[in-house]
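Text of final.cif (mmCIF, C-alpha atoms and all ligand atoms) as supplied:
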```
data_structure
#
loop_
_atom_site.label_atom_id
_atom_site.label_comp_id
_atom_site.auth_asym_id
_atom_site.auth_seq_id
_atom_site.Cartn_x
_atom_site.Cartn_y
_atom_site.Cartn_z
CA MET A 431 5.48 94.13 44.91
CA LYS A 432 6.62 91.60 42.38
CA SER A 433 5.45 91.06 38.83
CA ALA A 434 4.63 87.60 37.52
CA VAL A 435 3.89 85.64 34.40
CA PHE A 436 0.91 83.27 34.61
CA PHE A 437 1.15 80.36 32.19
CA GLU A 438 -1.66 78.17 30.95
CA ARG A 439 -0.30 74.60 30.92
CA ASP A 440 -1.73 72.50 28.05
CA GLY A 441 -0.60 73.72 24.64
CA VAL A 442 1.94 76.17 26.05
CA ILE A 443 4.11 74.25 28.53
CA ASN A 444 3.27 70.71 27.43
CA ALA A 445 2.05 69.49 24.06
CA TYR A 446 -1.46 68.13 23.54
CA THR A 447 -1.56 64.36 23.14
CA GLN A 448 -1.63 62.89 19.66
CA GLY A 449 -4.91 61.24 18.69
CA THR A 450 -8.26 61.66 17.10
CA GLU A 451 -9.52 64.19 19.65
CA PRO A 452 -7.80 67.57 19.25
CA HIS A 453 -6.45 69.59 22.18
CA ARG A 454 -6.53 66.70 24.63
CA SER A 455 -4.53 66.97 27.87
CA PRO A 456 -2.02 64.20 28.71
CA GLU A 457 -3.27 61.69 31.27
CA SER A 458 0.03 59.95 32.03
CA VAL A 459 3.58 61.02 32.74
CA GLU A 460 4.64 59.07 29.60
CA ALA A 461 2.36 61.27 27.48
CA PHE A 462 3.62 64.49 29.10
CA THR A 463 6.07 66.20 26.73
CA LEU A 464 7.32 69.77 27.02
CA CYS A 465 6.80 72.23 24.17
CA LYS A 466 9.91 73.27 22.30
CA GLY A 467 11.21 76.61 23.56
CA ILE A 468 9.38 76.71 26.90
CA ALA A 469 12.53 76.11 29.01
CA SER A 470 14.47 78.98 27.45
CA LEU A 471 11.40 81.24 27.61
CA MET A 472 10.95 80.67 31.34
CA LYS A 473 14.69 81.08 31.95
CA THR A 474 14.54 84.49 30.20
CA LEU A 475 11.62 85.56 32.40
CA LYS A 476 13.26 84.41 35.64
CA GLU A 477 16.47 86.24 34.72
CA ALA A 478 14.37 89.39 34.16
CA GLY A 479 13.18 89.08 37.79
CA LEU A 480 9.65 87.83 37.11
CA LEU A 481 7.90 85.09 39.06
CA VAL A 482 6.61 82.17 36.97
CA PHE A 483 3.28 80.52 37.80
CA VAL A 484 1.14 77.85 36.16
CA THR A 485 -2.66 77.82 36.34
CA THR A 486 -4.44 74.85 34.78
CA HIS A 487 -7.96 73.45 34.52
CA GLN A 488 -7.94 69.65 34.77
CA PRO A 489 -11.61 68.55 34.73
CA GLY A 490 -10.44 64.94 34.22
CA LEU A 491 -9.82 64.87 37.99
CA ALA A 492 -13.54 65.37 38.70
CA GLN A 493 -14.62 63.22 35.75
CA GLY A 494 -12.38 60.31 36.76
CA SER A 495 -10.26 60.15 33.59
CA LEU A 496 -7.23 61.68 35.31
CA ASP A 497 -5.58 60.15 38.37
CA ARG A 498 -4.41 62.72 40.93
CA ARG A 499 -1.16 60.90 41.66
CA GLU A 500 -0.40 60.68 37.95
CA LEU A 501 -1.01 64.43 37.67
CA GLU A 502 1.37 64.98 40.60
CA ARG A 503 4.00 62.91 38.79
CA MET A 504 3.59 65.03 35.64
CA HIS A 505 3.98 68.20 37.67
CA LEU A 506 7.08 66.85 39.44
CA VAL A 507 8.67 66.32 36.01
CA MET A 508 7.50 69.77 34.89
CA LYS A 509 8.92 71.51 37.98
CA ALA A 510 12.20 69.58 37.76
CA LYS A 511 12.75 70.75 34.20
CA LEU A 512 11.38 74.31 34.37
CA PRO A 513 11.92 77.25 36.78
CA ILE A 514 8.31 77.37 38.05
CA ASP A 515 7.48 79.10 41.35
CA ASP A 516 4.03 77.55 41.87
CA VAL A 517 1.29 75.52 40.17
CA LEU A 518 -2.44 75.94 40.91
CA ILE A 519 -5.08 73.51 39.61
CA CYS A 520 -8.84 73.75 39.12
CA PRO A 521 -10.01 70.13 39.49
CA HIS A 522 -13.71 70.77 38.82
CA GLU A 523 -16.03 69.78 35.98
CA PRO A 524 -16.77 72.46 33.36
CA SER A 525 -20.41 72.54 34.57
CA ASP A 526 -19.32 73.22 38.17
CA PRO A 527 -19.86 76.90 39.12
CA CYS A 528 -16.53 76.93 41.00
CA PRO A 529 -14.59 80.20 41.43
CA CYS A 530 -11.41 78.76 39.90
CA ALA A 531 -12.24 77.57 36.36
CA LYS A 532 -10.98 80.18 33.91
CA PRO A 533 -12.17 82.71 32.71
CA ARG A 534 -13.04 83.05 36.42
CA THR A 535 -10.10 84.44 38.32
CA GLY A 536 -9.88 82.39 41.56
CA LEU A 537 -6.51 80.78 40.85
CA PHE A 538 -4.93 84.11 39.87
CA LYS A 539 -6.39 85.87 42.96
CA GLU A 540 -4.97 83.18 45.24
CA LEU A 541 -1.49 83.70 43.79
CA GLU A 542 -1.90 87.49 43.91
CA HIS A 543 -2.57 87.39 47.64
CA GLN A 544 -0.04 84.71 48.52
CA TYR A 545 2.84 86.36 46.65
CA ARG A 546 1.69 90.02 46.90
CA LEU A 547 1.75 90.49 43.16
CA ASP A 548 1.54 93.69 41.15
CA MET A 549 -1.20 92.51 38.77
CA ASP A 550 -1.13 95.65 36.57
CA HIS A 551 2.46 94.79 35.63
CA SER A 552 1.98 91.02 35.39
CA PHE A 553 1.44 88.92 32.27
CA VAL A 554 -0.74 86.01 31.14
CA VAL A 555 0.53 83.57 28.49
CA SER A 556 -1.91 81.11 26.91
CA ASP A 557 -3.34 79.66 23.70
CA LYS A 558 -6.96 79.98 25.00
CA TRP A 559 -9.56 82.76 25.20
CA GLN A 560 -10.37 81.93 28.82
CA ASP A 561 -6.96 83.19 29.96
CA ALA A 562 -7.18 86.35 27.84
CA ALA A 563 -10.59 87.09 29.39
CA ALA A 564 -9.24 86.47 32.92
CA ALA A 565 -6.27 88.75 32.20
CA HIS A 566 -8.66 91.48 31.06
CA THR A 567 -10.71 91.16 34.29
CA LEU A 568 -7.56 91.20 36.44
CA GLY A 569 -5.81 94.06 34.64
CA CYS A 570 -2.90 91.83 33.57
CA ILE A 571 -1.29 92.08 30.12
CA SER A 572 -2.25 89.13 27.89
CA VAL A 573 0.48 87.85 25.56
CA MET A 574 -1.18 85.05 23.64
CA LEU A 575 0.14 82.24 21.48
CA GLN A 576 -1.61 82.09 18.07
CA SER A 577 -4.18 79.25 18.21
CA PRO A 578 -7.67 78.25 17.03
CA LEU A 579 -8.69 78.35 20.72
CA LEU A 580 -8.28 82.13 21.09
CA GLY A 581 -11.82 83.06 20.08
CA LYS A 582 -12.76 86.70 19.76
CA VAL A 583 -12.18 88.09 23.26
CA GLN A 584 -9.97 91.11 23.78
CA ARG A 585 -6.25 90.40 24.07
CA ASP A 586 -3.22 92.67 24.21
CA TYR A 587 -0.72 90.77 22.05
CA THR A 588 -0.97 87.66 19.87
CA LEU A 589 2.33 86.15 18.72
CA GLU A 590 3.42 83.19 16.61
CA SER A 591 5.99 81.52 18.87
CA LEU A 592 7.15 81.08 22.47
CA GLU A 593 10.40 82.77 21.48
CA ALA A 594 8.52 85.88 20.32
CA ILE A 595 6.46 85.85 23.54
CA GLY A 596 9.67 85.78 25.62
CA GLU A 597 11.12 88.73 23.73
CA LYS A 598 7.86 90.73 24.03
CA ILE A 599 7.50 90.20 27.78
CA ALA A 600 11.18 90.91 28.48
CA TYR A 601 10.86 94.16 26.49
CA LEU A 602 7.61 95.25 28.18
CA HIS A 603 8.90 94.37 31.65
CA ALA A 604 12.16 96.28 31.11
CA ASN A 605 10.21 99.37 30.03
CA GLN A 606 7.83 99.06 33.01
CA SER A 607 10.83 98.96 35.36
CA GLU A 608 12.24 102.09 33.76
CA LEU A 609 8.91 103.91 34.04
CA MET A 610 8.60 102.92 37.70
CA LEU A 611 12.13 104.19 38.46
CA ALA A 612 11.54 107.50 36.66
ZN ZN A 701 -12.57 74.96 39.84
#
```
Encoded form using structure tokens:
Amino acid sequence: MKSAVFFERDGVINAYTQGTEPHRSPESVEAFTLCKGIASLMKTLKEAGLLVFVTTHQPGLAQGSLDRRELERMHLVMKAKLPIDDVLICPHEPSDPCPCAKPRTGLFKELEHQYRLDMDHSFVVSDKWQDAAAAHTLGCISVMLQSPLLGKVQRDYTLESLEAIGEKIAYLHANQSELMLA
């Protein structure tokens, strides 16, 4: 079984858009800019033998503020620039009781089954409490980016930068591999 790193998209892979409303997702490919350090972080993880996945909630699809083809264009750019194995999207409104909006675990479960993942030795990287809560439910290790969106839910590690997150996961993964060989 393989181990993976599940990334939240907005605020970790791409920057939020500038404007009056904080933490707003980009709605056009022109507004889609990668966060500094994400490319080298993902490269480190791939070289360590981890799979890299993206799970993202885009309620603008259901609300009509986000065009699906525009989202596909953003993700084409993202996948061209970063070593991502797969991207799963929840397109539903926050009020929709769907199984895939985080902290519910539908997107993670789908990837677990499709790629036969070892969830106990997989990681979740995000700036939001919903991902930390999902990681806790799934038994994954949460390695969070410091943010006002983290709330008070349980999380395993909270770090200040993507660089520090890369170092932490590489270290933990190397030690897991050693323990599994022993
Ligand atoms: Zn959903």
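Going from atom CA of Arg546 of chain A to atom CA of Glu593 of chain A covers 27.8 Å.
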Give me, as an MDAnalysis selection string, all polymer residues having an atom no more than 12 Å from segment 582-585 of chain A, counting all atoms listed in the file and skipping those fewer than 5 positions away in the same chain.
chainID A and resid 533 553:567 569:577
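For Gly490 of chain A, the list of residues within 9 Å, based on all atoms listed in the file and with local chain neighbours fewer than 5 positions off taken out, reads Ser455, Glu457, Ser495, Leu496, Asp497, Pro521, His522 and Glu523 of chain A.
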Next on the checklist: Show me which residues are within 9 Å of ligand ZN 701 (chain A) counting all atoms listed in the file, and format the list as JSON, numbers by chain.
Outcome noted: {"A": [487, 488, 489, 519, 520, 521, 522, 523, 524, 526, 527, 528, 529, 530, 531, 532, 534, 536, 537]}
Residues of segment 499-608 of chain A within 9 Å of segment 470-475 of chain A: nearest atom pair and distance (Å, one decimal) for each, counting only C-alpha atoms, sorted by chain and number, as JSON lines?
```
{"residue": "A:Leu512", "atom": "CA", "partner": "A:Met472", "partner_atom": "CA", "distance": 7.1}
{"residue": "A:Pro513", "atom": "CA", "partner": "A:Met472", "partner_atom": "CA", "distance": 6.5}
{"residue": "A:Ile514", "atom": "CA", "partner": "A:Met472", "partner_atom": "CA", "distance": 7.9}
{"residue": "A:Leu592", "atom": "CA", "partner": "A:Leu471", "partner_atom": "CA", "distance": 6.7}
{"residue": "A:Glu593", "atom": "CA", "partner": "A:Leu471", "partner_atom": "CA", "distance": 6.4}
{"residue": "A:Ile595", "atom": "CA", "partner": "A:Leu471", "partner_atom": "CA", "distance": 7.9}
{"residue": "A:Gly596", "atom": "CA", "partner": "A:Leu471", "partner_atom": "CA", "distance": 5.3}
{"residue": "A:Glu597", "atom": "CA", "partner": "A:Leu471", "partner_atom": "CA", "distance": 8.4}
{"residue": "A:Ile599", "atom": "CA", "partner": "A:Leu475", "partner_atom": "CA", "distance": 7.7}
{"residue": "A:Ala600", "atom": "CA", "partner": "A:Leu475", "partner_atom": "CA", "distance": 6.6}
```
**OP:** List the neighbours of Asn444 of chain A out to 7 Å using only C-alpha atoms; skip same-chain residues closer than 4 positions along the sequence, and give me the result as a PyMOL selection string.
**Re:** chain A and resi 439-440+462-465
Give me a file of those residues, with C-alpha atoms, as a short mmCIF file (atom, residue, chain, number, x, y, z; two decimals), in the frame of the given file.
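Once written, selection.cif looks like this:
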```
data_model
loop_
_atom_site.label_atom_id
_atom_site.label_comp_id
_atom_site.auth_asym_id
_atom_site.auth_seq_id
_atom_site.Cartn_x
_atom_site.Cartn_y
_atom_site.Cartn_z
CA ARG A 439 -0.30 74.60 30.92
CA ASP A 440 -1.73 72.50 28.05
CA PHE A 462 3.62 64.49 29.10
CA THR A 463 6.07 66.20 26.73
CA LEU A 464 7.32 69.77 27.02
CA CYS A 465 6.80 72.23 24.17
#
```
Between A:Leu480, A:Ile468, A:Val459, A:Ile443, smallest distance to Leu602 of chain A by all atoms listed in the file belongs to A:Leu480
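Restricting the calculation to only C-alpha atoms, the smallest distance between Met504 of chain A and any of A:Leu541, A:Leu518, A:Ala461, A:Ala492 is found for A:Ala461.
The space between atom CA of Glu502 of chain A and atom CA of His543 of chain A spans 23.8 Å.
One finds atom CA of His505 of chain A at 11.1 Å from atom CA of Thr486 of chain A.
Minimum atom-to-atom distances from A:Gly494, A:Gly581, A:Gly479, A:Gly467 to Lys432 of chain A were compared using all atoms listed in the file, and the lowest value belongs to A:Gly479.
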